[in-house]
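Q: Just one file: coords-v3.tsv, with TSV, C-alpha atoms.
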```tsv
chain	number	residue	atom	x	y	z
A	1	MET	CA	-23.19	7.62	-4.76
A	2	ILE	CA	-24.52	10.14	-7.29
A	3	ASP	CA	-27.68	10.47	-5.20
A	4	GLU	CA	-25.58	11.24	-2.13
A	5	TYR	CA	-23.59	13.78	-4.11
A	6	CYS	CA	-26.76	15.55	-5.21
A	7	LYS	CA	-28.08	15.66	-1.64
A	8	LEU	CA	-24.87	17.34	-0.54
A	9	TYR	CA	-24.12	19.70	-3.43
A	10	GLY	CA	-27.28	19.82	-5.54
A	11	ALA	CA	-27.70	18.38	-9.03
A	12	PRO	CA	-24.54	19.34	-10.96
A	13	GLU	CA	-23.54	19.30	-14.60
A	14	GLY	CA	-20.48	17.33	-15.64
A	15	LEU	CA	-20.41	14.91	-12.70
A	16	ARG	CA	-17.73	12.22	-13.04
A	17	VAL	CA	-16.57	9.46	-10.68
A	18	TYR	CA	-13.03	8.11	-10.33
A	19	ARG	CA	-11.70	5.00	-8.59
A	20	ALA	CA	-8.29	3.94	-7.25
A	21	PRO	CA	-7.70	0.58	-5.53
A	22	GLY	CA	-5.93	-0.35	-2.35
A	23	ARG	CA	-3.41	-3.15	-2.47
A	24	VAL	CA	-2.07	-6.17	-0.68
A	25	ASN	CA	1.61	-6.93	-1.01
A	26	LEU	CA	2.20	-10.65	-1.43
A	27	ILE	CA	5.95	-10.41	-0.79
A	28	GLY	CA	8.65	-7.74	-0.86
A	29	GLU	CA	8.14	-5.68	2.30
A	30	HIS	CA	10.17	-2.53	3.07
A	31	THR	CA	12.14	-3.08	-0.13
A	32	ASP	CA	10.53	-0.34	-2.22
A	33	TYR	CA	12.26	2.59	-0.52
A	34	ASN	CA	15.49	0.59	-0.92
A	35	LEU	CA	14.84	0.58	-4.69
A	36	GLY	CA	14.32	-3.17	-4.70
A	37	PHE	CA	11.58	-5.55	-5.81
A	38	VAL	CA	7.98	-5.99	-4.68
A	39	CYS	CA	5.06	-8.19	-5.76
A	40	PRO	CA	1.67	-6.64	-4.83
A	41	VAL	CA	-1.84	-6.99	-6.22
A	42	ALA	CA	-4.42	-4.24	-6.58
A	43	LEU	CA	-7.64	-5.01	-4.71
A	44	ASP	CA	-11.32	-4.57	-5.43
A	45	LEU	CA	-11.35	-2.50	-2.23
A	46	ALA	CA	-11.04	1.06	-3.50
A	47	THR	CA	-11.53	4.77	-2.94
A	48	TYR	CA	-14.14	6.48	-5.15
A	49	ILE	CA	-14.38	10.23	-5.72
A	50	ALA	CA	-17.29	11.98	-7.39
A	51	THR	CA	-16.46	15.44	-8.72
A	52	ALA	CA	-18.16	18.27	-10.60
A	53	PRO	CA	-17.26	21.94	-11.15
A	54	SER	CA	-17.95	24.35	-8.32
A	55	PRO	CA	-19.58	27.64	-9.36
A	56	ASP	CA	-18.07	29.76	-6.57
A	57	GLY	CA	-14.35	29.38	-7.17
A	58	ARG	CA	-13.69	27.03	-4.25
A	59	LEU	CA	-12.49	23.49	-3.76
A	60	ARG	CA	-14.56	21.39	-1.36
A	61	ILE	CA	-13.74	17.86	-0.22
A	62	TYR	CA	-16.26	15.83	1.75
A	63	SER	CA	-15.70	12.34	3.20
A	64	GLU	CA	-18.74	10.10	3.60
A	65	ASP	CA	-16.79	7.93	6.06
A	66	ARG	CA	-15.88	10.78	8.40
A	67	LYS	CA	-18.82	13.08	7.71
A	68	GLU	CA	-16.30	15.92	7.36
A	69	MET	CA	-15.82	18.68	4.80
A	70	ARG	CA	-12.98	21.14	4.22
A	71	THR	CA	-12.95	24.08	1.84
A	72	TRP	CA	-10.14	26.06	0.19
A	73	ARG	CA	-9.94	28.99	-2.15
A	74	ILE	CA	-7.98	27.90	-5.23
A	75	PRO	CA	-5.10	30.42	-4.77
A	76	GLU	CA	-4.49	29.01	-1.26
A	77	ILE	CA	-3.54	25.53	-2.48
A	78	ASP	CA	0.05	26.04	-3.62
A	79	ALA	CA	1.05	27.73	-0.35
A	80	ALA	CA	-0.93	25.39	1.92
A	81	ALA	CA	0.79	23.79	4.89
A	82	PRO	CA	0.07	20.31	6.32
A	83	ALA	CA	-2.70	20.28	8.92
A	84	HIS	CA	-1.96	16.72	10.17
A	85	HIS	CA	-5.45	15.83	9.02
A	86	TRP	CA	-6.74	13.25	6.53
A	87	THR	CA	-7.17	16.00	3.95
A	88	ASP	CA	-3.39	16.39	3.80
A	89	TYR	CA	-3.41	13.50	1.32
A	90	PRO	CA	-5.64	15.07	-1.34
A	91	LEU	CA	-4.33	18.58	-0.63
A	92	GLY	CA	-0.74	17.38	-1.03
A	93	VAL	CA	-1.71	15.86	-4.38
A	94	ALA	CA	-3.36	19.12	-5.45
A	95	ARG	CA	-0.22	21.07	-4.57
A	96	GLU	CA	1.99	18.66	-6.54
A	97	LEU	CA	-0.31	18.97	-9.54
A	98	VAL	CA	-0.05	22.76	-9.41
A	99	ARG	CA	3.74	22.51	-9.27
A	100	ALA	CA	3.70	20.11	-12.22
A	101	GLY	CA	1.79	22.67	-14.28
A	102	TYR	CA	-1.77	21.38	-13.87
A	103	ALA	CA	-4.23	24.04	-12.74
A	104	ILE	CA	-6.64	22.99	-10.00
A	105	GLU	CA	-10.15	23.90	-11.06
A	106	PRO	CA	-12.89	24.85	-8.57
A	107	ALA	CA	-14.77	21.66	-7.75
A	108	ASN	CA	-16.94	19.87	-5.22
A	109	LEU	CA	-15.70	16.39	-4.30
A	110	LEU	CA	-17.36	13.54	-2.44
A	111	ILE	CA	-15.17	10.65	-1.23
A	112	ARG	CA	-16.32	7.10	-0.53
A	113	SER	CA	-13.84	4.36	0.42
A	114	THR	CA	-14.06	0.63	1.00
A	115	VAL	CA	-10.35	0.33	1.89
A	116	PRO	CA	-10.19	-0.10	5.68
A	117	GLU	CA	-8.07	2.65	7.20
A	118	GLY	CA	-4.97	1.65	9.14
A	119	SER	CA	-5.12	-1.88	7.77
A	120	GLY	CA	-1.89	-1.92	5.80
A	121	LEU	CA	-3.91	-2.17	2.57
A	122	SER	CA	-2.86	1.33	1.47
A	123	SER	CA	-5.92	3.47	1.95
A	124	SER	CA	-3.59	6.49	1.68
A	125	ALA	CA	-2.37	5.68	-1.84
A	126	ALA	CA	-5.93	4.89	-2.95
A	127	LEU	CA	-6.98	8.33	-1.71
A	128	GLU	CA	-4.01	10.04	-3.35
A	129	VAL	CA	-4.46	8.45	-6.76
A	130	SER	CA	-8.24	8.88	-6.87
A	131	SER	CA	-7.81	12.51	-5.79
A	132	ALA	CA	-5.31	13.14	-8.58
A	133	LEU	CA	-7.72	11.72	-11.16
A	134	ALA	CA	-10.57	13.80	-9.76
A	135	PHE	CA	-8.48	17.00	-9.86
A	136	LEU	CA	-7.31	16.23	-13.40
A	137	ASN	CA	-10.91	15.36	-14.35
A	138	GLY	CA	-10.08	13.87	-17.73
A	139	ARG	CA	-6.86	15.75	-18.47
A	140	ALA	CA	-4.09	13.45	-19.72
A	141	ILE	CA	-1.15	12.36	-17.59
A	142	LYS	CA	1.24	9.47	-18.12
A	143	PRO	CA	0.47	6.63	-15.68
A	144	ILE	CA	4.01	6.53	-14.30
A	145	GLU	CA	3.94	10.29	-13.73
A	146	LEU	CA	0.63	9.90	-11.89
A	147	ALA	CA	2.22	7.35	-9.53
A	148	ARG	CA	5.34	9.45	-8.98
A	149	LEU	CA	3.36	12.62	-8.36
A	150	CYS	CA	1.24	10.90	-5.70
A	151	GLN	CA	4.36	9.49	-4.05
A	152	ARG	CA	5.83	13.01	-3.92
A	153	ALA	CA	2.67	14.25	-2.24
A	154	GLU	CA	3.03	11.68	0.53
A	155	ARG	CA	6.75	12.29	0.96
A	156	ASN	CA	6.84	16.08	0.61
A	157	PHE	CA	3.51	17.13	2.15
A	158	VAL	CA	2.33	14.34	4.45
A	159	GLY	CA	5.90	13.68	5.58
A	160	MET	CA	6.08	9.89	5.16
A	161	PRO	CA	9.31	8.80	3.38
A	162	CYS	CA	7.52	6.04	1.48
A	163	GLY	CA	8.65	4.10	-1.55
A	164	ILE	CA	6.58	4.03	-4.70
A	165	MET	CA	4.97	0.59	-4.43
A	166	ASP	CA	1.55	1.67	-3.11
A	167	GLN	CA	0.94	4.43	-5.64
A	168	TYR	CA	2.39	2.34	-8.46
A	169	ILE	CA	0.15	-0.68	-7.95
A	170	SER	CA	-2.89	1.57	-7.47
A	171	VAL	CA	-2.22	2.89	-10.97
A	172	PHE	CA	-0.91	-0.25	-12.71
A	173	GLY	CA	-2.99	-3.02	-11.07
A	174	ARG	CA	-4.16	-5.89	-13.27
A	175	GLU	CA	-7.09	-8.26	-12.96
A	176	GLN	CA	-6.11	-11.83	-12.05
A	177	SER	CA	-2.45	-10.86	-11.73
A	178	ALA	CA	0.12	-9.74	-9.26
A	179	VAL	CA	2.60	-7.13	-10.49
A	180	ARG	CA	6.34	-7.56	-9.98
A	181	ILE	CA	7.76	-4.04	-9.74
A	182	ASP	CA	11.38	-2.93	-9.99
A	183	CYS	CA	11.33	0.13	-7.74
A	184	ARG	CA	14.50	1.58	-9.28
A	185	SER	CA	13.78	1.32	-13.01
A	186	LEU	CA	10.00	1.58	-12.42
A	187	ASP	CA	9.49	-1.24	-14.89
A	188	HIS	CA	7.00	-3.97	-14.10
A	189	ARG	CA	5.63	-7.22	-15.41
A	190	ASP	CA	2.34	-8.92	-14.71
A	191	ILE	CA	2.55	-12.19	-12.81
A	192	LEU	CA	-0.35	-14.54	-13.55
A	193	LEU	CA	-1.17	-16.31	-10.31
A	194	PRO	CA	-1.93	-20.06	-10.23
A	195	GLY	CA	-5.68	-20.61	-10.51
A	196	SER	CA	-5.75	-23.17	-7.70
A	197	ILE	CA	-4.85	-20.64	-4.97
A	198	THR	CA	-6.32	-17.53	-3.47
A	199	PHE	CA	-5.19	-14.93	-0.95
A	200	VAL	CA	-7.03	-13.61	2.09
A	201	ALA	CA	-6.12	-10.58	4.21
A	202	VAL	CA	-6.92	-10.61	7.93
A	203	ASN	CA	-7.00	-7.29	9.78
A	204	THR	CA	-5.72	-7.20	13.36
A	205	MET	CA	-7.87	-4.06	13.86
A	206	VAL	CA	-4.94	-2.45	15.69
A	207	LYS	CA	-2.37	0.11	14.67
A	208	HIS	CA	0.34	0.65	17.24
A	209	ALA	CA	1.60	4.21	17.75
A	210	LEU	CA	5.18	3.17	16.99
A	211	ALA	CA	4.45	2.64	13.30
A	212	GLY	CA	5.17	6.15	11.97
A	213	SER	CA	8.39	6.82	13.87
A	214	ALA	CA	9.69	3.26	13.40
A	215	TYR	CA	9.19	3.48	9.64
A	216	GLN	CA	11.39	6.56	9.49
A	217	ASP	CA	13.94	4.83	11.74
A	218	ARG	CA	14.10	1.90	9.32
A	219	VAL	CA	14.70	4.23	6.39
A	220	ARG	CA	17.63	5.82	8.24
A	221	GLU	CA	19.03	2.42	9.28
A	222	CYS	CA	18.97	1.19	5.68
A	223	THR	CA	20.80	4.33	4.55
A	224	ALA	CA	23.42	3.72	7.24
A	225	ALA	CA	23.83	0.14	6.03
A	226	VAL	CA	24.51	1.28	2.47
A	227	GLU	CA	27.13	3.76	3.66
A	228	ARG	CA	28.98	1.03	5.55
A	229	LEU	CA	28.70	-1.56	2.76
A	230	GLN	CA	30.10	0.90	0.23
A	231	GLN	CA	33.46	0.41	1.95
A	232	ARG	CA	33.50	-3.09	0.42
A	233	PHE	CA	31.20	-2.54	-2.57
A	234	PRO	CA	31.61	1.09	-3.75
A	235	GLU	CA	29.23	0.51	-6.66
A	236	ALA	CA	26.30	-0.14	-4.28
A	237	THR	CA	24.02	2.89	-4.10
A	238	SER	CA	21.15	1.06	-2.37
A	239	LEU	CA	20.62	-2.28	-0.66
A	240	ARG	CA	19.17	-3.74	-3.87
A	241	ASP	CA	22.72	-3.61	-5.28
A	242	VAL	CA	23.99	-6.06	-2.64
A	243	SER	CA	23.53	-9.78	-3.24
A	244	VAL	CA	22.91	-12.25	-0.43
A	245	GLU	CA	26.44	-13.60	-0.87
A	246	GLN	CA	28.00	-10.14	-0.81
A	247	PHE	CA	26.04	-9.21	2.31
A	248	GLU	CA	27.16	-12.34	4.13
A	249	SER	CA	30.78	-11.63	3.27
A	250	ALA	CA	30.58	-8.05	4.57
A	251	ALA	CA	28.05	-8.32	7.41
A	252	GLY	CA	30.81	-7.79	9.99
A	253	LEU	CA	31.16	-4.18	8.82
A	254	LEU	CA	27.73	-3.34	10.23
A	255	PRO	CA	26.56	-2.66	13.78
A	256	GLU	CA	24.12	-5.32	14.99
A	257	VAL	CA	20.84	-3.43	14.49
A	258	VAL	CA	21.85	-2.05	11.09
A	259	ARG	CA	23.06	-5.52	10.08
A	260	LYS	CA	19.67	-7.04	10.90
A	261	ARG	CA	17.81	-4.38	8.92
A	262	ALA	CA	20.05	-4.83	5.90
A	263	ARG	CA	19.83	-8.63	6.07
A	264	HIS	CA	16.04	-8.40	5.85
A	265	VAL	CA	16.09	-6.14	2.80
A	266	VAL	CA	18.77	-8.08	0.92
A	267	THR	CA	17.14	-11.46	1.55
A	268	GLU	CA	13.64	-10.08	0.89
A	269	ASP	CA	14.65	-8.89	-2.59
A	270	ASP	CA	15.92	-12.42	-3.22
A	271	ARG	CA	12.66	-13.89	-1.91
A	272	VAL	CA	10.60	-11.79	-4.35
A	273	GLU	CA	12.50	-13.23	-7.30
A	274	ARG	CA	12.20	-16.79	-5.98
A	275	PHE	CA	8.49	-16.31	-5.25
A	276	VAL	CA	7.83	-15.20	-8.83
A	277	ALA	CA	9.84	-18.16	-10.17
A	278	ALA	CA	7.99	-20.58	-7.89
A	279	GLY	CA	4.64	-19.26	-9.09
A	280	ALA	CA	5.66	-19.67	-12.73
A	281	ALA	CA	6.68	-23.29	-11.98
A	282	GLY	CA	3.45	-24.02	-10.09
A	283	ASP	CA	5.43	-24.66	-6.91
A	284	LEU	CA	2.73	-23.72	-4.41
A	285	GLU	CA	4.60	-25.13	-1.42
A	286	GLY	CA	7.63	-23.07	-2.38
A	287	MET	CA	5.56	-19.89	-2.66
A	288	GLY	CA	4.06	-20.46	0.77
A	289	LYS	CA	7.44	-21.23	2.35
A	290	LEU	CA	8.86	-17.96	1.04
A	291	MET	CA	5.93	-16.01	2.54
A	292	VAL	CA	6.67	-17.53	5.94
A	293	GLU	CA	10.39	-16.77	5.59
A	294	SER	CA	9.44	-13.18	4.79
A	295	HIS	CA	7.35	-12.91	7.94
A	296	ARG	CA	10.08	-14.34	10.17
A	297	SER	CA	12.55	-11.87	8.69
A	298	LEU	CA	10.15	-8.99	9.33
A	299	GLN	CA	9.51	-10.31	12.83
A	300	HIS	CA	13.10	-10.87	13.94
A	301	ASP	CA	15.42	-8.84	11.67
A	302	TYR	CA	13.31	-5.84	10.70
A	303	GLU	CA	11.32	-5.92	13.93
A	304	VAL	CA	8.11	-4.44	12.55
A	305	SER	CA	5.69	-7.19	13.53
A	306	CYS	CA	3.65	-7.37	16.73
A	307	ALA	CA	1.91	-9.98	18.88
A	308	GLU	CA	-1.37	-9.74	16.95
A	309	LEU	CA	0.29	-10.24	13.55
A	310	ASP	CA	2.44	-13.10	14.81
A	311	PHE	CA	-0.61	-14.82	16.30
A	312	LEU	CA	-2.53	-14.61	13.02
A	313	VAL	CA	0.41	-16.00	11.04
A	314	ASP	CA	1.13	-18.82	13.46
A	315	THR	CA	-2.54	-19.76	13.72
A	316	ALA	CA	-3.06	-19.71	9.95
A	317	LEU	CA	-0.08	-22.01	9.39
A	318	GLY	CA	-1.81	-24.74	11.42
A	319	MET	CA	-4.96	-24.69	9.29
A	320	GLU	CA	-6.03	-27.01	6.50
A	321	GLY	CA	-5.42	-25.66	3.00
A	322	VAL	CA	-2.94	-22.93	4.01
A	323	TYR	CA	0.35	-22.73	2.09
A	324	GLY	CA	1.83	-19.65	3.73
A	325	SER	CA	1.11	-16.46	5.64
A	326	ARG	CA	2.88	-13.22	6.47
A	327	MET	CA	2.30	-9.70	7.68
A	328	THR	CA	1.75	-7.19	4.89
A	329	GLY	CA	2.27	-3.43	4.91
A	330	GLY	CA	4.37	-1.27	7.19
A	331	GLY	CA	3.80	-3.34	10.32
A	332	PHE	CA	2.97	-2.83	14.01
A	333	GLY	CA	-0.61	-3.80	13.22
A	334	GLY	CA	-2.64	-3.85	10.04
A	335	CYS	CA	-3.10	-7.07	8.08
A	336	THR	CA	-1.66	-10.45	7.37
A	337	VAL	CA	-1.99	-12.01	3.92
A	338	THR	CA	-2.49	-15.78	3.70
A	339	MET	CA	-2.13	-17.97	0.64
A	340	LEU	CA	-4.52	-20.91	0.64
A	341	ARG	CA	-6.12	-23.51	-1.57
A	342	ARG	CA	-9.07	-22.12	-3.49
A	343	GLY	CA	-12.26	-23.27	-1.80
A	344	ALA	CA	-10.73	-23.29	1.68
A	345	GLU	CA	-11.72	-19.68	2.37
A	346	PRO	CA	-14.97	-20.27	4.33
A	347	ASP	CA	-13.38	-22.66	6.84
A	348	PHE	CA	-10.30	-20.47	7.12
A	349	GLN	CA	-12.34	-17.35	7.83
A	350	ARG	CA	-14.48	-19.05	10.45
A	351	GLN	CA	-11.52	-20.55	12.27
A	352	ILE	CA	-9.22	-17.52	12.16
A	353	VAL	CA	-11.96	-15.16	13.39
A	354	ALA	CA	-12.84	-17.47	16.27
A	355	ALA	CA	-9.22	-17.99	17.31
A	356	TYR	CA	-8.37	-14.28	17.19
A	357	GLU	CA	-11.47	-13.29	19.13
A	358	ARG	CA	-10.64	-15.82	21.85
A	359	GLU	CA	-7.08	-14.52	22.13
A	360	PHE	CA	-7.62	-10.75	21.90
A	361	ARG	CA	-11.35	-10.18	22.45
A	362	VAL	CA	-11.47	-8.45	19.06
A	363	ILE	CA	-13.20	-9.55	15.87
A	364	PRO	CA	-10.74	-9.23	12.96
A	365	GLY	CA	-11.70	-8.01	9.52
A	366	VAL	CA	-11.33	-10.57	6.73
A	367	TYR	CA	-11.06	-9.58	3.08
A	368	GLY	CA	-10.77	-11.69	-0.03
A	369	CYS	CA	-7.88	-10.46	-2.15
A	370	ARG	CA	-9.20	-10.50	-5.70
A	371	PRO	CA	-6.59	-9.00	-8.07
A	372	SER	CA	-8.24	-6.02	-9.75
A	373	ALA	CA	-7.58	-3.33	-12.31
A	374	GLY	CA	-5.76	-0.11	-11.57
A	375	ALA	CA	-7.20	3.37	-11.23
A	376	GLY	CA	-9.51	5.01	-13.71
A	377	GLU	CA	-12.90	6.59	-14.35
A	378	VAL	CA	-15.97	4.67	-13.21
A	379	LYS	CA	-18.51	4.10	-15.97
A	380	ASN	CA	-22.25	4.50	-15.50
A	381	SER	CA	-22.82	0.75	-15.71
A	382	GLU	CA	-20.52	-0.05	-12.78
A	383	THR	CA	-21.76	-0.63	-9.24
A	384	ILE	CA	-20.07	1.24	-6.40
A	385	PRO	CA	-20.23	-0.43	-2.97
A	386	PRO	CA	-22.04	1.42	-0.15
A	387	VAL	CA	-20.09	3.42	2.39
A	388	ASN	CA	-18.51	1.37	5.19
```
Take the structure in the file and write it out as structure tokens.
A:
Amino acid sequence: MIDEYCKLYGAPEGLRVYRAPGRVNLIGEHTDYNLGFVCPVALDLATYIATAPSPDGRLRIYSEDRKEMRTWRIPEIDAAAPAHHWTDYPLGVARELVRAGYAIEPANLLIRSTVPEGSGLSSSAALEVSSALAFLNGRAIKPIELARLCQRAERNFVGMPCGIMDQYISVFGREQSAVRIDCRSLDHRDILLPGSITFVAVNTMVKHALAGSAYQDRVRECTAAVERLQQRFPEATSLRDVSVEQFESAAGLLPEVVRKRARHVVTEDDRVERFVAAGAAGDLEGMGKLMVESHRSLQHDYEVSCAELDFLVDTALGMEGVYGSRMTGGGFGGCTVTMLRRGAEPDFQRQIVAAYEREFRVIPGVYGCRPSAGAGEVKNSETIPPVN
């Protein structure tokens, strides 16, 4: 990667490389913007950014994947407007840093990513967090403030009303562990996963156009549910404040669509807690069952699945060594995540690829989900994967 940087920009002084991982969410979908609970893992798929000072007072960002570069003068950054372009993610982060009191220094950046775009594995958060580290270039920031700043960039500049899960796990990921996050308090605890299981993500290779608008619709529908439920439970300020029993007693207050959305969120928060407890007890069957329940809720109540995701889940559940499977991410395409017996991965990959190709005439991507560390600087001894 350093060689590629030198070909592009010349041999610089002070070159540093930063990394931020993508993530797969094991359970707890669409609960983060409802201030609930999630249980993701950071992946060894990551976005890497090499940076060094620029001598001409400009900021340049080049993507190896897209073979594209954009350039800004430093004074332009704070007043920049979204261009509906991939560079909105790093530029939004730069603007939030300026507003938080961190000067953006002239620099030349080169981006390399192994997180597949549009897969539901959070390539956007990996880009945001790695960009923030590159812009800071060694300056101190509290990890939680780094996650919150990157979330603000996506909400305020990119225009996606996301919760904090993706940025949080990109910062706080742990090797060999999932992370159970409380999206209200922003506390977390590491969840050591049973050694006899592994997780595999399978990419549908599709992203339906409905995803962006439907996400915003779901945010509004959840807000509407809270407003109605406050008639019965005035202390509830988000759906995470409503228990399953309370929801069932008050479900008649809600219009049908809003009721379905709220039922998913309330039961999904409960599933996260039961999933963590099942893992601690070594109840692998219970963990897998909860993943399937999560998918059916996303499929029927939250209505963010699609034919490709449902096919992958249903097919996986008929395979040897599989405990559970569900869609992961925002929905309408992207990935499933499947929990299976360690050692069953080769047969699973061969069978799921063949079945999906027969059904859709598309070869799906398959990625092992190895829990990895959160974002940071890459040391000289580390190996960076080649560009996709």
Q: When you look at range 372-379 of chain A with a cut-off of 12 Å (counting only C-alpha atoms), what residues show up, excluding the ones that are within fewer than 5 positions of it in the same chain? I need them as a ChimeraX atom specification.
A: /A:1-2,15-24,40-51,125-134,136-141,143,146-147,166-179,190,384
Q: Which residue gives the smallest distance to Arg60 in chain A among A:Cys369, A:Val93, A:Leu109, A:Ala225, with only C-alpha atoms counted?
A: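 Smallest distance to Arg60 in chain A is found for A:Leu109.
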Q: Check the smallest atom-to-atom distance from each of A:Asp217, A:Asp314, A:Asp88, A:Glu285 to Gln299 in chain A using only C-alpha atoms, then report the winner.
A: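 Checking each of A:Asp217, A:Asp314, A:Asp88, A:Glu285 against Gln299 in chain A, counting only C-alpha atoms, the winner is A:Asp314.
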Q: Using only C-alpha atoms, which of the listed residues (A:Tyr302, A:Gly252, A:Gly321, A:Glu308) sits closest to Asp347 in chain A?
A: A:Gly321
Q: Which one of A:Glu345, A:Glu68, A:Asp283, A:Glu273 sits closest to Gly28 in chain A if you count all atoms listed in the file?
A: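 Checking each candidate against Gly28 in chain A, we get A:Glu273 as the closest.
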